[in-house]
$ cat upload_13.tsv   # TSV, C-alpha atoms
chain	number	residue	atom	x	y	z
S	1	MET	CA	0.00	0.00	0.00
S	2	LYS	CA	1.51	3.33	-1.10
S	3	ARG	CA	-1.10	5.71	0.33
S	4	GLN	CA	-0.21	8.25	2.99
S	5	PHE	CA	-2.74	8.75	5.77
S	6	LYS	CA	-3.12	11.80	8.00
S	7	LEU	CA	-5.26	10.15	10.68
S	8	CYS	CA	-5.33	6.60	12.02
S	9	ILE	CA	-8.31	5.76	14.22
S	10	ALA	CA	-9.05	2.48	15.97
S	11	ASP	CA	-11.56	0.80	18.22
S	12	ILE	CA	-10.08	-0.54	21.47
S	13	ASP	CA	-11.45	-3.87	22.68
S	14	ARG	CA	-10.91	-6.83	20.32
S	15	THR	CA	-9.20	-4.43	17.90
S	16	LEU	CA	-6.13	-3.12	19.73
S	17	ARG	CA	-6.27	-5.78	22.43
S	18	MET	CA	-8.41	-8.68	23.45
S	19	LYS	CA	-11.09	-7.57	25.90
S	20	GLY	CA	-9.74	-7.26	29.42
S	21	GLU	CA	-6.13	-7.84	28.36
S	22	ALA	CA	-3.13	-5.51	28.18
S	23	LEU	CA	-2.14	-3.70	25.00
S	24	PRO	CA	0.36	-5.85	23.07
S	25	GLU	CA	3.85	-4.33	23.07
S	26	LEU	CA	4.05	-4.28	19.28
S	27	ASN	CA	0.87	-2.19	19.11
S	28	ARG	CA	2.46	0.29	21.53
S	29	GLU	CA	5.48	0.57	19.25
S	30	ALA	CA	3.27	1.10	16.20
S	31	PHE	CA	1.56	4.06	17.89
S	32	LYS	CA	4.91	5.56	18.83
S	33	VAL	CA	6.29	5.29	15.30
S	34	MET	CA	3.17	6.81	13.74
S	35	HIS	CA	3.23	9.63	16.30
S	36	GLU	CA	6.87	10.36	15.44
S	37	LYS	CA	5.94	10.49	11.76
S	38	GLY	CA	3.27	13.12	12.45
S	39	ILE	CA	0.24	10.89	11.82
S	40	LEU	CA	-2.73	11.95	13.95
S	41	LEU	CA	-3.99	9.17	16.21
S	42	GLY	CA	-7.52	8.52	17.44
S	43	LEU	CA	-9.48	6.04	19.53
S	44	ALA	CA	-13.19	5.30	19.02
S	45	SER	CA	-14.90	3.38	21.80
S	46	GLY	CA	-18.39	2.36	22.77
S	47	ARG	CA	-17.52	3.24	26.33
S	48	PRO	CA	-17.97	6.73	27.79
S	49	LEU	CA	-14.73	8.70	27.82
S	50	TRP	CA	-14.69	8.83	31.62
S	51	GLN	CA	-14.51	5.03	31.70
S	52	GLY	CA	-10.74	4.96	31.30
S	53	VAL	CA	-10.58	6.10	27.68
S	54	GLU	CA	-9.20	9.58	28.39
S	55	LYS	CA	-6.34	8.21	30.49
S	56	ILE	CA	-5.63	5.05	28.55
S	57	TYR	CA	-2.49	6.57	27.01
S	58	LEU	CA	-1.02	6.57	30.54
S	59	GLU	CA	-1.99	2.95	31.09
S	60	TRP	CA	-0.32	2.09	27.81
S	61	GLY	CA	2.86	4.04	28.59
S	62	LEU	CA	2.80	6.05	25.37
S	63	GLY	CA	4.11	9.33	26.73
S	64	PHE	CA	1.62	11.32	24.62
S	65	GLN	CA	-2.14	11.75	24.44
S	66	PHE	CA	-4.22	10.72	21.43
S	67	ASP	CA	-5.34	13.55	19.13
S	68	LEU	CA	-8.97	12.39	18.92
S	69	LEU	CA	-11.12	10.46	21.37
S	70	ILE	CA	-14.62	9.24	20.46
S	71	GLY	CA	-16.81	7.70	23.14
S	72	LEU	CA	-20.30	6.23	23.44
S	73	ASN	CA	-20.28	5.02	19.82
S	74	GLY	CA	-19.99	8.61	18.59
S	75	GLY	CA	-22.03	10.33	21.29
S	76	GLU	CA	-18.92	12.02	22.68
S	77	ILE	CA	-16.06	13.69	20.79
S	78	TYR	CA	-12.95	15.09	22.43
S	79	ASP	CA	-10.73	17.08	20.06
S	80	VAL	CA	-7.63	16.99	22.24
S	81	ARG	CA	-5.52	19.50	20.31
S	82	LYS	CA	-8.29	22.12	20.50
S	83	ASP	CA	-9.45	20.95	23.95
S	84	GLU	CA	-13.03	20.91	22.63
S	85	ARG	CA	-15.72	18.47	23.78
S	86	THR	CA	-18.89	17.77	21.84
S	87	LYS	CA	-21.97	15.62	22.49
S	88	LEU	CA	-23.86	14.37	19.44
S	89	ASN	CA	-27.41	13.09	18.96
S	90	PHE	CA	-28.26	11.83	22.43
S	91	LEU	CA	-31.56	9.95	22.80
S	92	ASP	CA	-34.25	12.19	24.26
S	93	THR	CA	-36.23	11.09	27.31
S	94	GLU	CA	-39.36	10.03	25.41
S	95	THR	CA	-37.33	7.86	23.02
S	96	ILE	CA	-35.53	6.21	25.94
S	97	ARG	CA	-38.87	5.45	27.58
S	98	TYR	CA	-40.25	4.06	24.32
S	99	ILE	CA	-37.27	1.73	23.84
S	100	ILE	CA	-37.26	0.40	27.39
S	101	GLU	CA	-41.02	-0.13	27.54
S	102	THR	CA	-41.03	-1.82	24.13
S	103	MET	CA	-38.22	-4.18	25.14
S	104	LYS	CA	-39.59	-5.07	28.59
S	105	GLY	CA	-40.39	-8.65	29.43
S	106	SER	CA	-37.25	-10.03	27.80
S	107	GLY	CA	-35.54	-10.96	31.07
S	108	CYS	CA	-32.52	-8.82	30.14
S	109	HIS	CA	-32.09	-5.69	32.23
S	110	PRO	CA	-31.34	-2.39	30.47
S	111	PHE	CA	-28.56	-0.14	31.71
S	112	ILE	CA	-27.20	3.25	30.72
S	113	TYR	CA	-24.17	5.40	31.45
S	114	ARG	CA	-24.42	8.51	33.56
S	115	ASP	CA	-21.47	10.75	34.41
S	116	GLY	CA	-19.18	8.53	36.42
S	117	TYR	CA	-21.40	5.47	36.95
S	118	MET	CA	-23.69	2.85	35.42
S	119	LEU	CA	-27.44	2.97	36.10
S	120	ALA	CA	-29.34	-0.31	35.65
S	121	ALA	CA	-32.93	-1.47	35.95
S	122	GLY	CA	-31.69	-4.69	37.57
S	123	ILE	CA	-28.63	-6.90	37.87
S	124	ASN	CA	-27.49	-10.00	36.01
S	125	GLY	CA	-24.12	-11.65	35.48
S	126	ARG	CA	-23.28	-9.68	32.33
S	127	ILE	CA	-23.91	-6.32	33.98
S	128	LEU	CA	-21.79	-7.29	36.97
S	129	LYS	CA	-19.01	-8.43	34.64
S	130	SER	CA	-19.00	-5.07	32.88
S	131	MET	CA	-18.97	-3.23	36.20
S	132	ARG	CA	-16.05	-5.23	37.58
S	133	ARG	CA	-13.96	-5.24	34.42
S	134	ASN	CA	-14.11	-1.45	34.13
S	135	ASN	CA	-14.06	-0.82	37.90
S	136	ASN	CA	-17.29	1.19	37.68
S	137	GLU	CA	-19.81	2.21	40.28
S	138	LEU	CA	-23.14	0.51	39.61
S	139	LYS	CA	-26.45	1.90	40.82
S	140	VAL	CA	-29.78	0.10	40.53
S	141	ALA	CA	-32.73	2.39	39.85
S	142	ASP	CA	-35.41	2.56	42.54
S	143	ASP	CA	-37.90	3.03	39.71
S	144	ILE	CA	-37.28	2.18	36.06
S	145	SER	CA	-38.36	5.69	35.05
S	146	GLU	CA	-35.01	6.93	36.38
S	147	LEU	CA	-33.43	5.54	33.21
S	148	TRP	CA	-35.35	8.04	31.08
S	149	SER	CA	-35.18	11.02	33.43
S	150	GLN	CA	-32.53	12.69	31.26
S	151	PRO	CA	-31.06	12.23	27.75
S	152	THR	CA	-28.44	9.55	27.22
S	153	ALA	CA	-26.33	8.39	24.29
S	154	LYS	CA	-27.37	4.74	24.27
S	155	ILE	CA	-29.17	1.93	26.07
S	156	LEU	CA	-27.46	-1.41	26.66
S	157	TYR	CA	-28.82	-4.89	27.37
S	158	GLY	CA	-26.52	-7.54	28.76
S	159	SER	CA	-27.49	-11.21	28.84
S	160	ASP	CA	-26.12	-14.23	30.64
S	161	THR	CA	-26.31	-16.27	27.42
S	162	PRO	CA	-26.09	-15.18	23.75
S	163	GLU	CA	-29.41	-16.93	23.05
S	164	GLU	CA	-31.27	-14.54	25.34
S	165	LEU	CA	-30.39	-11.64	23.03
S	166	VAL	CA	-31.86	-13.15	19.86
S	167	PRO	CA	-35.52	-12.12	20.39
S	168	LEU	CA	-34.39	-8.82	21.91
S	169	GLN	CA	-32.31	-7.95	18.85
S	170	THR	CA	-35.20	-8.89	16.56
S	171	GLU	CA	-37.45	-6.51	18.49
S	172	GLY	CA	-34.83	-3.77	18.50
S	173	GLU	CA	-34.22	-3.94	14.77
S	174	LYS	CA	-37.92	-3.23	14.19
S	175	MET	CA	-37.30	0.29	15.54
S	176	ALA	CA	-35.30	1.37	12.50
S	177	ASP	CA	-38.28	3.35	11.19
S	178	LYS	CA	-38.14	5.43	14.38
S	179	ASN	CA	-34.50	6.42	13.80
S	180	ILE	CA	-33.21	3.91	16.33
S	181	SER	CA	-30.32	1.60	15.49
S	182	CYS	CA	-29.79	-1.75	17.20
S	183	PHE	CA	-26.61	-3.82	17.07
S	184	LYS	CA	-24.41	-6.21	19.05
S	185	THR	CA	-20.95	-5.25	20.28
S	186	ASP	CA	-20.40	-8.66	21.88
S	187	VAL	CA	-22.20	-11.97	21.77
S	188	ASP	CA	-23.91	-11.08	25.06
S	189	LEU	CA	-24.30	-7.30	24.69
S	190	LEU	CA	-26.92	-5.42	22.67
S	191	GLU	CA	-26.93	-1.64	22.20
S	192	LEU	CA	-29.53	0.83	20.94
S	193	GLN	CA	-28.91	4.46	20.02
S	194	SER	CA	-30.04	7.15	17.60
S	195	SER	CA	-29.50	6.10	13.99
S	196	LEU	CA	-28.27	9.67	13.42
S	197	ASN	CA	-25.29	8.88	15.59
S	198	ASN	CA	-22.38	6.46	15.23
S	199	LYS	CA	-18.60	6.42	15.17
S	200	GLY	CA	-18.64	7.37	11.48
S	201	VAL	CA	-20.70	10.52	12.10
S	202	ALA	CA	-18.30	11.52	14.89
S	203	LEU	CA	-15.28	10.88	12.68
S	204	GLU	CA	-16.75	13.00	9.89
S	205	TYR	CA	-17.54	15.79	12.37
S	206	TYR	CA	-13.94	15.84	13.60
S	207	CYS	CA	-12.45	15.77	10.11
S	208	GLN	CA	-14.66	18.60	8.88
S	209	ASN	CA	-13.60	20.74	11.85
S	210	ASN	CA	-9.92	20.01	11.26
S	211	GLY	CA	-9.68	20.22	7.48
S	212	ILE	CA	-8.95	16.52	7.01
S	213	ASP	CA	-10.19	14.75	3.90
S	214	LEU	CA	-11.86	11.46	4.82
S	215	LYS	CA	-9.87	9.69	2.12
S	216	ASP	CA	-6.80	10.43	4.27
S	217	VAL	CA	-8.19	8.44	7.22
S	218	ILE	CA	-7.49	4.79	7.96
S	219	ALA	CA	-9.73	2.98	10.47
S	220	PHE	CA	-9.44	-0.30	12.38
S	221	GLY	CA	-12.40	-2.10	13.96
S	222	ASP	CA	-13.94	-5.44	14.76
S	223	ALA	CA	-17.62	-5.10	15.71
S	224	GLU	CA	-20.97	-3.91	14.40
S	225	ASN	CA	-20.57	-0.53	16.11
S	226	ASP	CA	-17.42	0.05	14.02
S	227	ILE	CA	-19.13	-0.43	10.66
S	228	GLU	CA	-20.04	3.20	9.95
S	229	MET	CA	-16.56	4.37	10.97
S	230	MET	CA	-15.01	1.83	8.63
S	231	GLU	CA	-17.32	2.90	5.81
S	232	THR	CA	-16.59	6.60	6.42
S	233	ALA	CA	-12.80	6.31	6.46
S	234	GLY	CA	-10.85	6.27	3.23
S	235	TYR	CA	-9.51	2.80	4.04
S	236	SER	CA	-10.55	0.29	6.70
S	237	ILE	CA	-9.29	-2.90	8.27
S	238	CYS	CA	-11.30	-5.41	10.26
S	239	LEU	CA	-9.40	-7.63	12.66
S	240	CYS	CA	-9.56	-11.30	11.69
S	241	ASN	CA	-11.27	-12.03	15.02
S	242	GLY	CA	-14.01	-9.51	14.14
S	243	MET	CA	-17.71	-9.97	13.47
S	244	ASP	CA	-18.90	-11.03	10.03
S	245	ARG	CA	-20.84	-7.81	9.39
S	246	ALA	CA	-17.73	-5.75	10.11
S	247	LYS	CA	-15.56	-7.93	7.88
S	248	ALA	CA	-18.06	-7.49	5.04
S	249	VAL	CA	-17.53	-3.70	4.84
S	250	ALA	CA	-13.76	-3.64	5.41
S	251	ASP	CA	-11.23	-2.99	2.64
S	252	ALA	CA	-8.89	-5.53	4.25
S	253	ILE	CA	-8.82	-8.11	7.03
S	254	SER	CA	-5.80	-8.41	9.30
S	255	GLU	CA	-3.60	-11.49	9.13
S	256	HIS	CA	-3.23	-11.57	12.93
S	257	ASP	CA	-5.89	-11.25	15.61
S	258	ALA	CA	-6.10	-8.54	18.26
S	259	GLY	CA	-4.26	-10.61	20.86
S	260	ASP	CA	-1.40	-11.21	18.42
S	261	SER	CA	-0.83	-7.51	17.59
S	262	GLY	CA	-2.98	-7.63	14.45
S	263	PHE	CA	-3.13	-3.82	14.39
S	264	ALA	CA	0.65	-3.39	14.54
S	265	HIS	CA	1.38	-6.16	12.06
S	266	PHE	CA	-0.85	-4.45	9.52
S	267	VAL	CA	0.67	-1.03	10.22
S	268	PHE	CA	4.27	-2.23	9.89
S	269	ASP	CA	3.64	-4.63	6.99
S	270	HIS	CA	1.42	-2.40	4.85
S	271	LEU	CA	1.60	1.24	5.97
S	272	LEU	CA	5.05	2.11	7.28

$ encode --input "upload_13.tsv" --output "structure tokens"
Amino acid sequence: MKRQFKLCIADIDRTLRMKGEALPELNREAFKVMHEKGILLGLASGRPLWQGVEKIYLEWGLGFQFDLLIGLNGGEIYDVRKDERTKLNFLDTETIRYIIETMKGSGCHPFIYRDGYMLAAGINGRILKSMRRNNNELKVADDISELWSQPTAKILYGSDTPEELVPLQTEGEKMADKNISCFKTDVDLLELQSSLNNKGVALEYYCQNNGIDLKDVIAFGDAENDIEMMETAGYSICLCNGMDRAKAVADAISEHDAGDSGFAHFVFDHLL
């Protein structure tokens, strides 16, 4: 590949590392080399930025902050160089209520992110796993209406088994005509948000505000919430451990998985 890219943006879990694992050393080196070459670097996560994303460069020992941070699947944008924060297309309270009441009776408890904590309608194993892995405070609502008392970027449903999500996803996908998108980011995690919002919309917003042509962006992802970002970027790579829907839209698929430095191998073998 002979193309020169101005911005490299990547999802985190199962793209730069396997979920819950440390960043592979070779991926750290790839970021350092690209930074030295003046390539802008970005992260795009489904998590809120307060959930470790803003400080992850310290955890990874990079010695420099990323230039762009996208959280909540595009709901949050932090332009680090300008020190500007933007929230995009949050779900309004009536839409949140509609989603939760439509999806009730599934046995899977909805939860949302508030500033600094998770708010859930109930507790199951998947919600506890998410809380413990990210070291989050978890609050259980006294009344389910607390979940729609203020706008939020997305609603999540965690299940103890992948099979539990099948009817829930079917129901969620019927909401497309109401500008609600529904997708899985793990076999046991379903997410719903405004169809006007995704990582691709956030990436386009950032590039427009910084004079970057989208053809000069390369994106790495693995899951269904990365699809729009991969379609928006000039070139995209899906990790070989990624979901089939993400692989279908990618320009290339990595030779190595996320745990085996698939990101860095692609960068060093094809970009640098």

$ closest_residue --input "upload_13.tsv" --among "S:Gly211, S:Lys104, S:Gly122, S:Asp186" --to "Pro167 in chain S" --atoms "only C-alpha atoms"
S:Lys104

$ closest_residue --input "upload_13.tsv" --among "S:Arg3, S:Arg17, S:Arg85, S:Lys55" --to "Tyr235 in chain S" --atoms "only C-alpha atoms"
S:Arg3

$ closest_residue --input "upload_13.tsv" --among "S:Leu189, S:Ala258, S:Met34, S:Ile56" --to "Cys240 in chain S" --atoms "all atoms listed in the file"
S:Ala258

$ closest_residue --input "upload_13.tsv" --among "S:Gly158, S:Pro151, S:Gly107, S:Gly75" --to "Asp92 in chain S" --atoms "all atoms listed in the file"
S:Pro151

$ closest_residue --input "upload_13.tsv" --among "S:Ile127, S:Met229, S:Leu16, S:Met175" --to "Gly200 in chain S" --atoms "all atoms listed in the file"
S:Met229

$ closest_residue --input "upload_13.tsv" --among "S:Leu203, S:Asp142, S:Gln150, S:Leu165" --to "Tyr78 in chain S" --atoms "all atoms listed in the file"
S:Leu203

$ residues_near_point --input "upload_13.tsv" --point "(-15.0, 4.3, 8.0)" --cutoff "9 Å" --atoms "only C-alpha atoms" --output "JSON, numbers by chain"
{"S": [199, 200, 203, 214, 217, 218, 219, 220, 226, 227, 228, 229, 230, 231, 232, 233, 234, 235, 236, 249, 250]}

$ residues_near_point --input "upload_13.tsv" --point "(-32.9, 13.5, 19.3)" --cutoff "10 Å" --atoms "all atoms listed in the file" --output "mmCIF file with C-alpha atoms, keeping the file's coordinate frame"
data_model
loop_
_atom_site.group_PDB
_atom_site.id
_atom_site.type_symbol
_atom_site.label_atom_id
_atom_site.label_comp_id
_atom_site.auth_asym_id
_atom_site.auth_seq_id
_atom_site.Cartn_x
_atom_site.Cartn_y
_atom_site.Cartn_z
ATOM 1 C CA LEU S 88 -23.860 14.370 19.440
ATOM 2 C CA ASN S 89 -27.410 13.090 18.960
ATOM 3 C CA PHE S 90 -28.260 11.830 22.430
ATOM 4 C CA LEU S 91 -31.560 9.950 22.800
ATOM 5 C CA ASP S 92 -34.250 12.190 24.260
ATOM 6 C CA THR S 93 -36.230 11.090 27.310
ATOM 7 C CA GLU S 94 -39.360 10.030 25.410
ATOM 8 C CA THR S 95 -37.330 7.860 23.020
ATOM 9 C CA PRO S 151 -31.060 12.230 27.750
ATOM 10 C CA THR S 152 -28.440 9.550 27.220
ATOM 11 C CA ALA S 153 -26.330 8.390 24.290
ATOM 12 C CA ASN S 179 -34.500 6.420 13.800
ATOM 13 C CA GLN S 193 -28.910 4.460 20.020
ATOM 14 C CA SER S 194 -30.040 7.150 17.600
ATOM 15 C CA SER S 195 -29.500 6.100 13.990
ATOM 16 C CA LEU S 196 -28.270 9.670 13.420
ATOM 17 C CA ASN S 197 -25.290 8.880 15.590
#

$ residues_around --input "upload_13.tsv" --residues "Ala44 in chain S" --least-positions-apart "5" --cutoff "7 Å" --atoms "all atoms listed in the file" --output "ChimeraX atom specification"
/S:9-11,69-71,199

$ decode --input "upload_13.tsv" --residues "range 45-142 of chain S" --atoms "C-alpha atoms" --output "PDB file, in the first residue's frame"
ATOM      1  CA  SER S  45     -14.895   3.381  21.795  1.00  0.00           C
ATOM      2  CA  GLY S  46     -18.391   2.362  22.767  1.00  0.00           C
ATOM      3  CA  ARG S  47     -17.523   3.243  26.334  1.00  0.00           C
ATOM      4  CA  PRO S  48     -17.966   6.732  27.787  1.00  0.00           C
ATOM      5  CA  LEU S  49     -14.728   8.697  27.819  1.00  0.00           C
ATOM      6  CA  TRP S  50     -14.688   8.832  31.618  1.00  0.00           C
ATOM      7  CA  GLN S  51     -14.507   5.034  31.705  1.00  0.00           C
ATOM      8  CA  GLY S  52     -10.740   4.955  31.296  1.00  0.00           C
ATOM      9  CA  VAL S  53     -10.582   6.102  27.677  1.00  0.00           C
ATOM     10  CA  GLU S  54      -9.198   9.582  28.389  1.00  0.00           C
ATOM     11  CA  LYS S  55      -6.343   8.209  30.490  1.00  0.00           C
ATOM     12  CA  ILE S  56      -5.633   5.050  28.549  1.00  0.00           C
ATOM     13  CA  TYR S  57      -2.490   6.574  27.010  1.00  0.00           C
ATOM     14  CA  LEU S  58      -1.019   6.575  30.542  1.00  0.00           C
ATOM     15  CA  GLU S  59      -1.988   2.945  31.094  1.00  0.00           C
ATOM     16  CA  TRP S  60      -0.315   2.085  27.808  1.00  0.00           C
ATOM     17  CA  GLY S  61       2.860   4.045  28.594  1.00  0.00           C
ATOM     18  CA  LEU S  62       2.795   6.051  25.373  1.00  0.00           C
ATOM     19  CA  GLY S  63       4.108   9.334  26.726  1.00  0.00           C
ATOM     20  CA  PHE S  64       1.617  11.315  24.623  1.00  0.00           C
ATOM     21  CA  GLN S  65      -2.144  11.752  24.441  1.00  0.00           C
ATOM     22  CA  PHE S  66      -4.224  10.721  21.428  1.00  0.00           C
ATOM     23  CA  ASP S  67      -5.343  13.551  19.130  1.00  0.00           C
ATOM     24  CA  LEU S  68      -8.972  12.388  18.918  1.00  0.00           C
ATOM     25  CA  LEU S  69     -11.124  10.458  21.372  1.00  0.00           C
ATOM     26  CA  ILE S  70     -14.622   9.239  20.461  1.00  0.00           C
ATOM     27  CA  GLY S  71     -16.815   7.699  23.143  1.00  0.00           C
ATOM     28  CA  LEU S  72     -20.305   6.226  23.437  1.00  0.00           C
ATOM     29  CA  ASN S  73     -20.278   5.021  19.817  1.00  0.00           C
ATOM     30  CA  GLY S  74     -19.994   8.611  18.589  1.00  0.00           C
ATOM     31  CA  GLY S  75     -22.025  10.334  21.287  1.00  0.00           C
ATOM     32  CA  GLU S  76     -18.916  12.022  22.676  1.00  0.00           C
ATOM     33  CA  ILE S  77     -16.063  13.693  20.787  1.00  0.00           C
ATOM     34  CA  TYR S  78     -12.953  15.093  22.425  1.00  0.00           C
ATOM     35  CA  ASP S  79     -10.731  17.083  20.064  1.00  0.00           C
ATOM     36  CA  VAL S  80      -7.629  16.990  22.242  1.00  0.00           C
ATOM     37  CA  ARG S  81      -5.515  19.498  20.311  1.00  0.00           C
ATOM     38  CA  LYS S  82      -8.287  22.115  20.499  1.00  0.00           C
ATOM     39  CA  ASP S  83      -9.447  20.951  23.947  1.00  0.00           C
ATOM     40  CA  GLU S  84     -13.031  20.908  22.625  1.00  0.00           C
ATOM     41  CA  ARG S  85     -15.716  18.470  23.785  1.00  0.00           C
ATOM     42  CA  THR S  86     -18.893  17.767  21.841  1.00  0.00           C
ATOM     43  CA  LYS S  87     -21.967  15.619  22.490  1.00  0.00           C
ATOM     44  CA  LEU S  88     -23.857  14.368  19.440  1.00  0.00           C
ATOM     45  CA  ASN S  89     -27.408  13.095  18.957  1.00  0.00           C
ATOM     46  CA  PHE S  90     -28.255  11.827  22.430  1.00  0.00           C
ATOM     47  CA  LEU S  91     -31.555   9.950  22.804  1.00  0.00           C
ATOM     48  CA  ASP S  92     -34.255  12.188  24.265  1.00  0.00           C
ATOM     49  CA  THR S  93     -36.233  11.087  27.309  1.00  0.00           C
ATOM     50  CA  GLU S  94     -39.361  10.030  25.405  1.00  0.00           C
ATOM     51  CA  THR S  95     -37.330   7.864  23.024  1.00  0.00           C
ATOM     52  CA  ILE S  96     -35.531   6.208  25.940  1.00  0.00           C
ATOM     53  CA  ARG S  97     -38.874   5.453  27.584  1.00  0.00           C
ATOM     54  CA  TYR S  98     -40.252   4.060  24.317  1.00  0.00           C
ATOM     55  CA  ILE S  99     -37.272   1.734  23.835  1.00  0.00           C
ATOM     56  CA  ILE S 100     -37.265   0.402  27.389  1.00  0.00           C
ATOM     57  CA  GLU S 101     -41.022  -0.131  27.542  1.00  0.00           C
ATOM     58  CA  THR S 102     -41.034  -1.825  24.129  1.00  0.00           C
ATOM     59  CA  MET S 103     -38.223  -4.181  25.139  1.00  0.00           C
ATOM     60  CA  LYS S 104     -39.585  -5.067  28.595  1.00  0.00           C
ATOM     61  CA  GLY S 105     -40.386  -8.654  29.426  1.00  0.00           C
ATOM     62  CA  SER S 106     -37.248 -10.028  27.803  1.00  0.00           C
ATOM     63  CA  GLY S 107     -35.543 -10.961  31.071  1.00  0.00           C
ATOM     64  CA  CYS S 108     -32.517  -8.824  30.138  1.00  0.00           C
ATOM     65  CA  HIS S 109     -32.086  -5.688  32.226  1.00  0.00           C
ATOM     66  CA  PRO S 110     -31.342  -2.385  30.466  1.00  0.00           C
ATOM     67  CA  PHE S 111     -28.561  -0.141  31.710  1.00  0.00           C
ATOM     68  CA  ILE S 112     -27.196   3.255  30.717  1.00  0.00           C
ATOM     69  CA  TYR S 113     -24.173   5.402  31.452  1.00  0.00           C
ATOM     70  CA  ARG S 114     -24.423   8.508  33.556  1.00  0.00           C
ATOM     71  CA  ASP S 115     -21.473  10.753  34.407  1.00  0.00           C
ATOM     72  CA  GLY S 116     -19.176   8.526  36.420  1.00  0.00           C
ATOM     73  CA  TYR S 117     -21.403   5.474  36.949  1.00  0.00           C
ATOM     74  CA  MET S 118     -23.688   2.848  35.418  1.00  0.00           C
ATOM     75  CA  LEU S 119     -27.438   2.966  36.098  1.00  0.00           C
ATOM     76  CA  ALA S 120     -29.336  -0.309  35.650  1.00  0.00           C
ATOM     77  CA  ALA S 121     -32.928  -1.474  35.952  1.00  0.00           C
ATOM     78  CA  GLY S 122     -31.690  -4.693  37.567  1.00  0.00           C
ATOM     79  CA  ILE S 123     -28.630  -6.902  37.865  1.00  0.00           C
ATOM     80  CA  ASN S 124     -27.488  -9.996  36.010  1.00  0.00           C
ATOM     81  CA  GLY S 125     -24.122 -11.655  35.484  1.00  0.00           C
ATOM     82  CA  ARG S 126     -23.284  -9.680  32.330  1.00  0.00           C
ATOM     83  CA  ILE S 127     -23.914  -6.316  33.979  1.00  0.00           C
ATOM     84  CA  LEU S 128     -21.791  -7.294  36.974  1.00  0.00           C
ATOM     85  CA  LYS S 129     -19.005  -8.431  34.644  1.00  0.00           C
ATOM     86  CA  SER S 130     -19.003  -5.074  32.878  1.00  0.00           C
ATOM     87  CA  MET S 131     -18.974  -3.226  36.198  1.00  0.00           C
ATOM     88  CA  ARG S 132     -16.050  -5.231  37.583  1.00  0.00           C
ATOM     89  CA  ARG S 133     -13.955  -5.240  34.415  1.00  0.00           C
ATOM     90  CA  ASN S 134     -14.111  -1.453  34.130  1.00  0.00           C
ATOM     91  CA  ASN S 135     -14.065  -0.825  37.899  1.00  0.00           C
ATOM     92  CA  ASN S 136     -17.294   1.185  37.682  1.00  0.00           C
ATOM     93  CA  GLU S 137     -19.808   2.210  40.275  1.00  0.00           C
ATOM     94  CA  LEU S 138     -23.144   0.509  39.612  1.00  0.00           C
ATOM     95  CA  LYS S 139     -26.448   1.903  40.818  1.00  0.00           C
ATOM     96  CA  VAL S 140     -29.783   0.097  40.533  1.00  0.00           C
ATOM     97  CA  ALA S 141     -32.731   2.389  39.849  1.00  0.00           C
ATOM     98  CA  ASP S 142     -35.407   2.558  42.542  1.00  0.00           C
TER      99      ASP S 142
END
